[in-house]
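Engineer: For reference, the file structure_28.txt (compact mmCIF, N, CA and C atoms) is included below:
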# COMPACT_ATOMS: atom_id res chain seq x y z
N MET R 269 13.07 -15.97 -15.94
CA MET R 269 14.39 -15.61 -16.44
C MET R 269 14.37 -14.15 -16.89
N ASP R 270 15.46 -13.48 -16.69
CA ASP R 270 15.60 -12.08 -17.04
C ASP R 270 15.40 -11.86 -18.55
N ASN R 271 14.73 -10.79 -18.90
CA ASN R 271 14.45 -10.46 -20.30
C ASN R 271 15.74 -10.33 -21.12
N LEU R 272 16.78 -9.75 -20.54
CA LEU R 272 18.05 -9.59 -21.26
C LEU R 272 18.70 -10.94 -21.53
N VAL R 273 18.60 -11.86 -20.58
CA VAL R 273 19.16 -13.20 -20.78
C VAL R 273 18.43 -13.90 -21.93
N ILE R 274 17.13 -13.78 -21.96
CA ILE R 274 16.34 -14.41 -23.03
C ILE R 274 16.70 -13.78 -24.38
N ARG R 275 16.82 -12.46 -24.41
CA ARG R 275 17.21 -11.79 -25.66
C ARG R 275 18.60 -12.22 -26.11
N SER R 276 19.52 -12.38 -25.17
CA SER R 276 20.88 -12.81 -25.52
C SER R 276 20.88 -14.23 -26.07
N ILE R 277 20.07 -15.09 -25.49
CA ILE R 277 19.97 -16.47 -25.98
C ILE R 277 19.37 -16.49 -27.38
N LYS R 278 18.30 -15.74 -27.59
CA LYS R 278 17.69 -15.67 -28.92
C LYS R 278 18.67 -15.08 -29.92
N ALA R 279 19.40 -14.05 -29.51
CA ALA R 279 20.39 -13.43 -30.39
C ALA R 279 21.48 -14.43 -30.76
N GLY R 280 21.96 -15.19 -29.79
CA GLY R 280 22.99 -16.19 -30.06
C GLY R 280 22.51 -17.26 -31.03
N MET R 281 21.27 -17.69 -30.86
CA MET R 281 20.72 -18.71 -31.76
C MET R 281 20.56 -18.15 -33.18
N ALA R 282 20.10 -16.91 -33.28
CA ALA R 282 19.95 -16.29 -34.60
C ALA R 282 21.31 -16.05 -35.25
N TYR R 283 22.27 -15.61 -34.47
CA TYR R 283 23.63 -15.37 -34.96
C TYR R 283 24.21 -16.67 -35.53
N PHE R 284 24.08 -17.74 -34.77
CA PHE R 284 24.53 -19.05 -35.25
C PHE R 284 23.85 -19.40 -36.57
N ALA R 285 22.52 -19.28 -36.61
CA ALA R 285 21.77 -19.68 -37.80
C ALA R 285 22.20 -18.88 -39.03
N LEU R 286 22.37 -17.59 -38.88
CA LEU R 286 22.76 -16.75 -40.00
C LEU R 286 24.15 -17.12 -40.53
N VAL R 287 25.10 -17.25 -39.63
CA VAL R 287 26.48 -17.53 -40.06
C VAL R 287 26.62 -18.97 -40.55
N PHE R 288 25.98 -19.92 -39.87
CA PHE R 288 26.04 -21.31 -40.31
C PHE R 288 25.39 -21.46 -41.68
N GLY R 289 24.25 -20.81 -41.87
CA GLY R 289 23.57 -20.88 -43.16
C GLY R 289 24.42 -20.32 -44.29
N ALA R 290 25.03 -19.17 -44.05
CA ALA R 290 25.90 -18.57 -45.07
C ALA R 290 27.12 -19.45 -45.33
N GLY R 291 27.69 -20.01 -44.27
CA GLY R 291 28.84 -20.90 -44.44
C GLY R 291 28.47 -22.16 -45.21
N PHE R 292 27.27 -22.65 -44.97
CA PHE R 292 26.81 -23.84 -45.69
C PHE R 292 26.69 -23.54 -47.18
N VAL R 293 26.11 -22.40 -47.51
CA VAL R 293 25.95 -22.01 -48.91
C VAL R 293 27.31 -21.78 -49.56
N LEU R 294 28.19 -21.04 -48.88
CA LEU R 294 29.52 -20.80 -49.45
C LEU R 294 30.31 -22.10 -49.59
N GLY R 295 30.17 -23.01 -48.63
CA GLY R 295 30.84 -24.30 -48.73
C GLY R 295 30.31 -25.13 -49.89
N ALA R 296 29.01 -25.05 -50.12
CA ALA R 296 28.42 -25.77 -51.25
C ALA R 296 28.92 -25.23 -52.59
N LEU R 297 29.33 -23.99 -52.62
CA LEU R 297 29.93 -23.42 -53.83
C LEU R 297 31.42 -23.70 -53.89
N ARG R 298 32.10 -23.60 -52.74
CA ARG R 298 33.54 -23.78 -52.67
C ARG R 298 33.97 -25.18 -53.07
N VAL R 299 33.33 -26.19 -52.50
CA VAL R 299 33.79 -27.57 -52.69
C VAL R 299 33.73 -28.01 -54.16
N PRO R 300 32.61 -27.86 -54.86
CA PRO R 300 32.61 -28.35 -56.24
C PRO R 300 33.28 -27.43 -57.26
N PHE R 301 33.33 -26.13 -56.98
CA PHE R 301 33.84 -25.20 -57.98
C PHE R 301 35.27 -24.74 -57.76
N LEU R 302 35.67 -24.51 -56.52
CA LEU R 302 37.02 -24.01 -56.27
C LEU R 302 38.02 -25.10 -55.90
N VAL R 303 37.63 -26.02 -55.04
CA VAL R 303 38.58 -27.04 -54.56
C VAL R 303 39.22 -27.82 -55.70
N PRO R 304 38.46 -28.30 -56.69
CA PRO R 304 39.12 -29.06 -57.77
C PRO R 304 40.10 -28.23 -58.59
N ARG R 305 39.89 -26.92 -58.64
CA ARG R 305 40.73 -26.06 -59.48
C ARG R 305 41.96 -25.53 -58.75
N ILE R 306 41.79 -25.15 -57.49
CA ILE R 306 42.90 -24.49 -56.79
C ILE R 306 43.32 -25.18 -55.50
N GLY R 307 42.64 -26.24 -55.12
CA GLY R 307 43.00 -26.97 -53.91
C GLY R 307 42.20 -26.49 -52.70
N GLU R 308 42.17 -27.35 -51.69
CA GLU R 308 41.37 -27.07 -50.50
C GLU R 308 41.87 -25.87 -49.72
N ARG R 309 43.19 -25.79 -49.53
CA ARG R 309 43.75 -24.69 -48.74
C ARG R 309 43.39 -23.33 -49.34
N MET R 310 43.68 -23.14 -50.61
CA MET R 310 43.42 -21.86 -51.26
C MET R 310 41.92 -21.57 -51.30
N ALA R 311 41.11 -22.58 -51.56
CA ALA R 311 39.67 -22.38 -51.61
C ALA R 311 39.14 -21.91 -50.25
N GLU R 312 39.62 -22.54 -49.18
CA GLU R 312 39.19 -22.12 -47.84
C GLU R 312 39.68 -20.72 -47.51
N LEU R 313 40.91 -20.40 -47.89
CA LEU R 313 41.44 -19.07 -47.62
C LEU R 313 40.71 -17.98 -48.41
N ILE R 314 40.30 -18.30 -49.62
CA ILE R 314 39.53 -17.34 -50.42
C ILE R 314 38.15 -17.12 -49.79
N GLU R 315 37.59 -18.15 -49.20
CA GLU R 315 36.26 -18.05 -48.58
C GLU R 315 36.28 -17.21 -47.30
N MET R 316 37.39 -17.16 -46.60
CA MET R 316 37.45 -16.50 -45.28
C MET R 316 37.04 -15.03 -45.29
N PRO R 317 37.50 -14.19 -46.23
CA PRO R 317 37.05 -12.80 -46.19
C PRO R 317 35.53 -12.66 -46.37
N PHE R 318 34.95 -13.52 -47.18
CA PHE R 318 33.50 -13.49 -47.35
C PHE R 318 32.80 -13.86 -46.04
N MET R 319 33.35 -14.85 -45.35
CA MET R 319 32.77 -15.24 -44.07
C MET R 319 32.94 -14.13 -43.04
N LEU R 320 34.05 -13.40 -43.10
CA LEU R 320 34.24 -12.29 -42.18
C LEU R 320 33.17 -11.23 -42.38
N VAL R 321 32.85 -10.93 -43.64
CA VAL R 321 31.79 -9.98 -43.93
C VAL R 321 30.45 -10.49 -43.39
N VAL R 322 30.19 -11.77 -43.57
CA VAL R 322 28.95 -12.38 -43.04
C VAL R 322 28.90 -12.24 -41.52
N VAL R 323 30.01 -12.53 -40.87
CA VAL R 323 30.07 -12.46 -39.40
C VAL R 323 29.77 -11.03 -38.93
N VAL R 324 30.39 -10.04 -39.55
CA VAL R 324 30.17 -8.65 -39.14
C VAL R 324 28.72 -8.26 -39.38
N MET R 325 28.19 -8.58 -40.55
CA MET R 325 26.81 -8.21 -40.86
C MET R 325 25.82 -8.93 -39.94
N ALA R 326 26.05 -10.21 -39.68
CA ALA R 326 25.15 -10.96 -38.80
C ALA R 326 25.22 -10.43 -37.37
N ALA R 327 26.41 -10.10 -36.91
CA ALA R 327 26.55 -9.55 -35.55
C ALA R 327 25.85 -8.21 -35.44
N ARG R 328 26.01 -7.36 -36.44
CA ARG R 328 25.30 -6.07 -36.43
C ARG R 328 23.79 -6.27 -36.41
N PHE R 329 23.33 -7.23 -37.20
CA PHE R 329 21.89 -7.50 -37.27
C PHE R 329 21.34 -7.96 -35.93
N ILE R 330 22.00 -8.93 -35.29
CA ILE R 330 21.44 -9.47 -34.04
C ILE R 330 21.51 -8.47 -32.91
N VAL R 331 22.55 -7.64 -32.91
CA VAL R 331 22.66 -6.60 -31.87
C VAL R 331 21.49 -5.64 -31.97
N ARG R 332 21.18 -5.22 -33.19
CA ARG R 332 20.05 -4.29 -33.40
C ARG R 332 18.71 -5.00 -33.20
N ARG R 333 18.55 -6.16 -33.80
CA ARG R 333 17.26 -6.87 -33.78
C ARG R 333 16.84 -7.23 -32.36
N PHE R 334 17.80 -7.65 -31.53
CA PHE R 334 17.47 -8.08 -30.18
C PHE R 334 17.78 -7.02 -29.12
N GLY R 335 18.19 -5.84 -29.56
CA GLY R 335 18.43 -4.73 -28.65
C GLY R 335 19.43 -5.05 -27.55
N LEU R 336 20.55 -5.66 -27.95
CA LEU R 336 21.56 -6.02 -26.96
C LEU R 336 22.34 -4.78 -26.53
N PRO R 337 22.43 -4.55 -25.24
CA PRO R 337 23.24 -3.42 -24.78
C PRO R 337 24.72 -3.70 -25.04
N GLY R 338 25.55 -2.68 -24.93
CA GLY R 338 26.98 -2.83 -25.21
C GLY R 338 27.77 -3.49 -24.11
N THR R 339 27.10 -4.15 -23.17
CA THR R 339 27.81 -4.79 -22.06
C THR R 339 28.40 -6.12 -22.48
N ALA R 340 29.50 -6.47 -21.85
CA ALA R 340 30.18 -7.73 -22.18
C ALA R 340 29.31 -8.96 -21.91
N PRO R 341 28.61 -9.06 -20.78
CA PRO R 341 27.82 -10.29 -20.56
C PRO R 341 26.76 -10.53 -21.65
N ALA R 342 26.06 -9.50 -22.06
CA ALA R 342 25.00 -9.68 -23.05
C ALA R 342 25.57 -10.05 -24.41
N ARG R 343 26.57 -9.31 -24.85
CA ARG R 343 27.09 -9.52 -26.20
C ARG R 343 28.01 -10.73 -26.29
N LEU R 344 28.86 -10.91 -25.30
CA LEU R 344 29.75 -12.07 -25.32
C LEU R 344 28.94 -13.34 -25.08
N GLY R 345 27.89 -13.24 -24.28
CA GLY R 345 27.02 -14.40 -24.06
C GLY R 345 26.40 -14.87 -25.36
N ALA R 346 25.89 -13.93 -26.16
CA ALA R 346 25.31 -14.29 -27.46
C ALA R 346 26.38 -14.89 -28.37
N GLY R 347 27.57 -14.28 -28.40
CA GLY R 347 28.64 -14.78 -29.26
C GLY R 347 29.13 -16.16 -28.85
N LEU R 348 29.26 -16.39 -27.55
CA LEU R 348 29.74 -17.70 -27.09
C LEU R 348 28.70 -18.79 -27.30
N LEU R 349 27.43 -18.45 -27.12
CA LEU R 349 26.38 -19.43 -27.41
C LEU R 349 26.40 -19.78 -28.89
N ALA R 350 26.51 -18.77 -29.75
CA ALA R 350 26.57 -19.02 -31.19
C ALA R 350 27.78 -19.90 -31.54
N LEU R 351 28.91 -19.64 -30.89
CA LEU R 351 30.12 -20.44 -31.13
C LEU R 351 29.89 -21.90 -30.71
N ALA R 352 29.30 -22.10 -29.55
CA ALA R 352 29.03 -23.47 -29.09
C ALA R 352 28.11 -24.20 -30.06
N LEU R 353 27.08 -23.52 -30.53
CA LEU R 353 26.17 -24.14 -31.50
C LEU R 353 26.88 -24.43 -32.82
N LEU R 354 27.73 -23.52 -33.26
CA LEU R 354 28.47 -23.71 -34.51
C LEU R 354 29.43 -24.88 -34.41
N LEU R 355 30.16 -24.97 -33.31
CA LEU R 355 31.10 -26.09 -33.13
C LEU R 355 30.34 -27.41 -33.02
N GLY R 356 29.23 -27.40 -32.31
CA GLY R 356 28.41 -28.61 -32.20
C GLY R 356 27.91 -29.07 -33.56
N ALA R 357 27.43 -28.14 -34.36
CA ALA R 357 26.94 -28.49 -35.69
C ALA R 357 28.07 -29.00 -36.58
N GLU R 358 29.21 -28.35 -36.49
CA GLU R 358 30.34 -28.78 -37.32
C GLU R 358 30.81 -30.18 -36.95
N VAL R 359 30.92 -30.44 -35.66
CA VAL R 359 31.34 -31.77 -35.21
C VAL R 359 30.31 -32.81 -35.63
N LEU R 360 29.05 -32.50 -35.46
CA LEU R 360 27.98 -33.42 -35.84
C LEU R 360 28.04 -33.73 -37.32
N LEU R 361 28.20 -32.71 -38.15
CA LEU R 361 28.29 -32.93 -39.59
C LEU R 361 29.53 -33.73 -39.97
N ALA R 362 30.65 -33.40 -39.34
CA ALA R 362 31.90 -34.11 -39.67
C ALA R 362 31.83 -35.57 -39.26
N VAL R 363 31.32 -35.83 -38.07
CA VAL R 363 31.30 -37.20 -37.55
C VAL R 363 30.19 -38.03 -38.20
N MET R 364 29.01 -37.46 -38.31
CA MET R 364 27.86 -38.22 -38.80
C MET R 364 27.85 -38.33 -40.33
N LEU R 365 27.99 -37.22 -41.02
CA LEU R 365 27.83 -37.24 -42.47
C LEU R 365 29.09 -37.67 -43.20
N GLN R 366 30.24 -37.35 -42.64
CA GLN R 366 31.48 -37.73 -43.31
C GLN R 366 32.04 -39.05 -42.79
N ASP R 367 31.34 -39.63 -41.84
CA ASP R 367 31.73 -40.93 -41.28
C ASP R 367 33.18 -40.92 -40.80
N ARG R 368 33.52 -39.90 -40.01
CA ARG R 368 34.85 -39.76 -39.43
C ARG R 368 34.73 -39.68 -37.92
N THR R 369 35.82 -40.02 -37.26
CA THR R 369 35.87 -39.75 -35.83
C THR R 369 36.25 -38.29 -35.65
N LEU R 370 36.04 -37.77 -34.46
CA LEU R 370 36.42 -36.38 -34.19
C LEU R 370 37.92 -36.19 -34.40
N GLY R 371 38.72 -37.16 -33.96
CA GLY R 371 40.17 -37.09 -34.14
C GLY R 371 40.56 -37.06 -35.61
N GLU R 372 39.90 -37.86 -36.42
CA GLU R 372 40.18 -37.87 -37.86
C GLU R 372 39.82 -36.54 -38.50
N TYR R 373 38.72 -35.98 -38.06
CA TYR R 373 38.30 -34.68 -38.61
C TYR R 373 39.32 -33.59 -38.28
N VAL R 374 39.74 -33.52 -37.03
CA VAL R 374 40.70 -32.51 -36.61
C VAL R 374 42.03 -32.71 -37.33
N ALA R 375 42.47 -33.97 -37.44
CA ALA R 375 43.75 -34.26 -38.10
C ALA R 375 43.70 -33.94 -39.60
N SER R 376 42.52 -33.96 -40.19
CA SER R 376 42.41 -33.72 -41.62
C SER R 376 42.45 -32.24 -41.99
N ARG R 377 42.34 -31.36 -41.00
CA ARG R 377 42.33 -29.92 -41.29
C ARG R 377 43.70 -29.47 -41.80
N ASP R 378 43.69 -28.62 -42.79
CA ASP R 378 44.93 -28.04 -43.31
C ASP R 378 45.53 -27.14 -42.23
N PRO R 379 46.83 -27.22 -41.98
CA PRO R 379 47.42 -26.41 -40.91
C PRO R 379 47.30 -24.90 -41.14
N VAL R 380 47.39 -24.45 -42.37
CA VAL R 380 47.32 -23.01 -42.65
C VAL R 380 45.87 -22.53 -42.59
N SER R 381 45.01 -23.10 -43.41
CA SER R 381 43.62 -22.65 -43.42
C SER R 381 42.93 -23.02 -42.10
N GLY R 382 43.37 -24.08 -41.46
CA GLY R 382 42.82 -24.45 -40.16
C GLY R 382 43.14 -23.43 -39.09
N ALA R 383 44.35 -22.89 -39.12
CA ALA R 383 44.73 -21.85 -38.16
C ALA R 383 43.92 -20.58 -38.39
N VAL R 384 43.72 -20.22 -39.66
CA VAL R 384 42.91 -19.04 -39.97
C VAL R 384 41.47 -19.30 -39.52
N TYR R 385 40.99 -20.51 -39.72
CA TYR R 385 39.64 -20.87 -39.30
C TYR R 385 39.48 -20.72 -37.78
N LEU R 386 40.48 -21.16 -37.01
CA LEU R 386 40.41 -21.01 -35.56
C LEU R 386 40.36 -19.53 -35.15
N ALA R 387 41.15 -18.71 -35.84
CA ALA R 387 41.11 -17.27 -35.57
C ALA R 387 39.74 -16.70 -35.91
N MET R 388 39.15 -17.16 -37.00
CA MET R 388 37.82 -16.71 -37.39
C MET R 388 36.77 -17.13 -36.36
N LEU R 389 36.93 -18.31 -35.78
CA LEU R 389 35.99 -18.75 -34.74
C LEU R 389 36.05 -17.82 -33.53
N ALA R 390 37.26 -17.45 -33.14
CA ALA R 390 37.41 -16.53 -32.00
C ALA R 390 36.80 -15.17 -32.33
N LEU R 391 37.03 -14.70 -33.53
CA LEU R 391 36.46 -13.42 -33.96
C LEU R 391 34.93 -13.51 -34.03
N PHE R 392 34.42 -14.62 -34.49
CA PHE R 392 32.97 -14.86 -34.55
C PHE R 392 32.36 -14.74 -33.16
N ALA R 393 32.96 -15.38 -32.18
CA ALA R 393 32.44 -15.33 -30.81
C ALA R 393 32.50 -13.92 -30.24
N ALA R 394 33.56 -13.20 -30.56
CA ALA R 394 33.78 -11.88 -29.98
C ALA R 394 33.10 -10.74 -30.74
N MET R 395 32.68 -10.97 -31.96
CA MET R 395 32.23 -9.87 -32.82
C MET R 395 31.09 -9.02 -32.23
N PRO R 396 30.07 -9.60 -31.61
CA PRO R 396 29.05 -8.70 -31.03
C PRO R 396 29.65 -7.71 -30.02
N LEU R 397 30.60 -8.17 -29.22
CA LEU R 397 31.25 -7.28 -28.26
C LEU R 397 32.20 -6.33 -28.96
N VAL R 398 32.92 -6.79 -29.95
CA VAL R 398 33.85 -5.94 -30.71
C VAL R 398 33.08 -4.76 -31.31
N LEU R 399 31.89 -5.02 -31.83
CA LEU R 399 31.09 -3.94 -32.42
C LEU R 399 30.75 -2.87 -31.38
N ALA R 400 30.49 -3.28 -30.15
CA ALA R 400 30.20 -2.31 -29.09
C ALA R 400 31.43 -1.47 -28.79
N ARG R 401 32.59 -2.10 -28.75
CA ARG R 401 33.83 -1.38 -28.47
C ARG R 401 34.16 -0.40 -29.60
N VAL R 402 33.96 -0.83 -30.83
CA VAL R 402 34.22 0.05 -31.98
C VAL R 402 33.27 1.23 -31.97
N ALA R 403 31.99 0.97 -31.70
CA ALA R 403 31.00 2.06 -31.66
C ALA R 403 31.35 3.06 -30.56
N ARG R 404 31.78 2.54 -29.42
CA ARG R 404 32.16 3.42 -28.31
C ARG R 404 33.38 4.25 -28.68
N ALA R 405 34.35 3.66 -29.36
CA ALA R 405 35.56 4.39 -29.76
C ALA R 405 35.23 5.46 -30.81
N CYS R 406 34.29 5.17 -31.68
CA CYS R 406 33.91 6.13 -32.73
C CYS R 406 33.15 7.31 -32.15
N ARG R 407 32.41 7.07 -31.06
CA ARG R 407 31.68 8.17 -30.42
C ARG R 407 32.60 9.08 -29.63
N GLY R 408 33.77 8.54 -29.29
CA GLY R 408 34.76 9.35 -28.59
C GLY R 408 34.59 9.29 -27.17
As structure tokens - that is how I would like this structure written.
Structural biologist:
Amino acid sequence: MDNLVIRSIKAGMAYFALVFGAGFVLGALRVPFLVPRIGERMAELIEMPFMLVVVVMAARFIVRRFGLPGTAPARLGAGLLALALLLGAEVLLAVMLQDRTLGEYVASRDPVSGAVYLAMLALFAAMPLVLARVARACRG
């Protein structure tokens, strides 16, 4: 297998691990401390900017650590793999640990914070590539 493909796969796995780990920690703080006081919607919305910072920092880290070129296949490949792993983990946790069906989990999402979450997922997948485009624009 091509060295770049292997690096992209490793980068995607690391990207997933970093963002999932941070989300797990933030969720462990959000649920017991914020949700009872301000509700699930507001707690999730407050968490989103922090997760955006995590996503940007993690994407910057994996791009540098794995030496991903600014090409769409390498960077989008890492982002899409990370997204697939993140969705798989989320579904597994929702179905197995919360004893819900996938339909029940999706139906239980708040429409406002759920929509923001979907936008964040798209941004998460695209962020390694977005960083390349921003760097290229800054260089002129």
Engineer: Which polymer residues, protein or nucleic acid, are no farther than 5 Å from (23.3, -16.5, -27.7), counting all atoms listed in the file, as a PyMOL selection string?
Structural biologist: chain R and resi 276-277+279-281+345-347+349-350
Engineer: Residues of segment 272-366 of chain R within 8 Å of segment 382-392 of chain R: nearest atom pair and distance (Å, one decimal) for each, counting all atoms listed in the file, sorted by chain and number, as CSV?
Structural biologist:
residue,atom,partner,partner_atom,distance
R:Arg309,CA,R:Gly382,N,7.3
R:Glu312,C,R:Gly382,N,7.8
R:Leu313,CA,R:Val384,CA,7.8
R:Met316,CA,R:Val384,C,7.6
R:Met319,C,R:Met388,CA,7.9
R:Leu320,CA,R:Met388,CA,7.4
R:Val323,CA,R:Phe392,CA,6.1
R:Val324,N,R:Phe392,CA,7.4
R:Ala346,C,R:Phe392,C,7.7
R:Gly347,CA,R:Phe392,C,5.4
R:Leu348,N,R:Phe392,C,6.6
R:Ala350,C,R:Phe392,C,7.1
R:Leu351,N,R:Phe392,C,6.4
Engineer: Kindly indicate which residue among R:Phe292, R:Pro317, R:Ala282, R:Arg275 lies nearest to Phe334 of chain R, using all atoms listed in the file for the distances.
Structural biologist: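 Checking each candidate against Phe334 of chain R, we get R:Arg275 as the closest.
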Engineer: Of the candidates R:Met364, R:Leu272, R:Pro304, R:Val293, which one gets nearest to Gly335 of chain R if we count only N, CA and C atoms?
Structural biologist: R:Leu272
Engineer: Draw an axis-aligned box over all listed atoms of segment 390-402 of chain R, pad each side with 5 Å, and write its centre and edge lengths in Å, one decimal, as lines of an AutoDock Vina configuration file.
Structural biologist:
center_x = 33.2
center_y = -8.1
center_z = -31.4
size_x = 18.4
size_y = 28.7
size_z = 16.3
Engineer: Rebuild segment 306-315 of chain R to all heavy atoms - output it as a compact mmCIF listing (two decimals), in the frame of the given file, please.
Structural biologist:
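Now in selection.txt:
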# COMPACT_ATOMS: atom_id res chain seq x y z
N ILE R 306 41.79 -25.15 -57.49
CA ILE R 306 42.90 -24.49 -56.79
C ILE R 306 43.32 -25.18 -55.50
O ILE R 306 44.24 -24.73 -54.83
CB ILE R 306 42.57 -23.01 -56.51
CG1 ILE R 306 41.33 -22.88 -55.62
CG2 ILE R 306 42.39 -22.24 -57.81
CD1 ILE R 306 41.05 -21.46 -55.18
N GLY R 307 42.64 -26.24 -55.12
CA GLY R 307 43.00 -26.97 -53.91
C GLY R 307 42.20 -26.49 -52.70
O GLY R 307 41.66 -25.38 -52.67
N GLU R 308 42.17 -27.35 -51.69
CA GLU R 308 41.37 -27.07 -50.50
C GLU R 308 41.87 -25.87 -49.72
O GLU R 308 41.09 -25.01 -49.29
CB GLU R 308 41.34 -28.30 -49.60
CG GLU R 308 40.33 -28.19 -48.48
CD GLU R 308 40.07 -29.51 -47.79
OE1 GLU R 308 40.36 -30.57 -48.36
OE2 GLU R 308 39.58 -29.45 -46.66
N ARG R 309 43.19 -25.79 -49.53
CA ARG R 309 43.75 -24.69 -48.74
C ARG R 309 43.39 -23.33 -49.34
O ARG R 309 42.86 -22.44 -48.68
CB ARG R 309 45.26 -24.81 -48.63
CG ARG R 309 45.90 -23.59 -47.94
CD ARG R 309 47.39 -23.65 -47.91
NE ARG R 309 47.81 -24.69 -46.99
CZ ARG R 309 49.08 -25.03 -46.79
NH1 ARG R 309 50.05 -24.42 -47.46
NH2 ARG R 309 49.40 -25.96 -45.94
N MET R 310 43.68 -23.14 -50.61
CA MET R 310 43.42 -21.86 -51.26
C MET R 310 41.92 -21.57 -51.30
O MET R 310 41.50 -20.42 -51.10
CB MET R 310 44.01 -21.82 -52.67
CG MET R 310 45.52 -21.69 -52.68
SD MET R 310 46.13 -20.25 -51.76
CE MET R 310 45.38 -18.91 -52.65
N ALA R 311 41.11 -22.58 -51.56
CA ALA R 311 39.67 -22.38 -51.61
C ALA R 311 39.14 -21.91 -50.25
O ALA R 311 38.32 -21.00 -50.17
CB ALA R 311 38.97 -23.67 -52.04
N GLU R 312 39.62 -22.54 -49.18
CA GLU R 312 39.19 -22.12 -47.84
C GLU R 312 39.68 -20.72 -47.51
O GLU R 312 38.94 -19.93 -46.92
CB GLU R 312 39.68 -23.13 -46.80
CG GLU R 312 38.94 -24.44 -46.84
CD GLU R 312 39.45 -25.47 -45.84
OE1 GLU R 312 40.44 -25.20 -45.14
OE2 GLU R 312 38.83 -26.54 -45.76
N LEU R 313 40.91 -20.40 -47.89
CA LEU R 313 41.44 -19.07 -47.62
C LEU R 313 40.71 -17.98 -48.41
O LEU R 313 40.50 -16.88 -47.90
CB LEU R 313 42.95 -19.02 -47.90
CG LEU R 313 43.81 -19.83 -46.93
CD1 LEU R 313 45.26 -19.86 -47.40
CD2 LEU R 313 43.70 -19.31 -45.51
N ILE R 314 40.30 -18.30 -49.62
CA ILE R 314 39.53 -17.34 -50.42
C ILE R 314 38.15 -17.12 -49.79
O ILE R 314 37.62 -16.01 -49.83
CB ILE R 314 39.41 -17.84 -51.88
CG1 ILE R 314 40.76 -17.67 -52.59
CG2 ILE R 314 38.29 -17.12 -52.63
CD1 ILE R 314 40.84 -18.33 -53.94
N GLU R 315 37.59 -18.15 -49.20
CA GLU R 315 36.26 -18.05 -48.58
C GLU R 315 36.28 -17.21 -47.30
O GLU R 315 35.27 -16.57 -46.96
CB GLU R 315 35.75 -19.46 -48.27
CG GLU R 315 34.38 -19.50 -47.65
CD GLU R 315 33.93 -20.90 -47.29
OE1 GLU R 315 34.80 -21.78 -47.04
OE2 GLU R 315 32.72 -21.11 -47.24
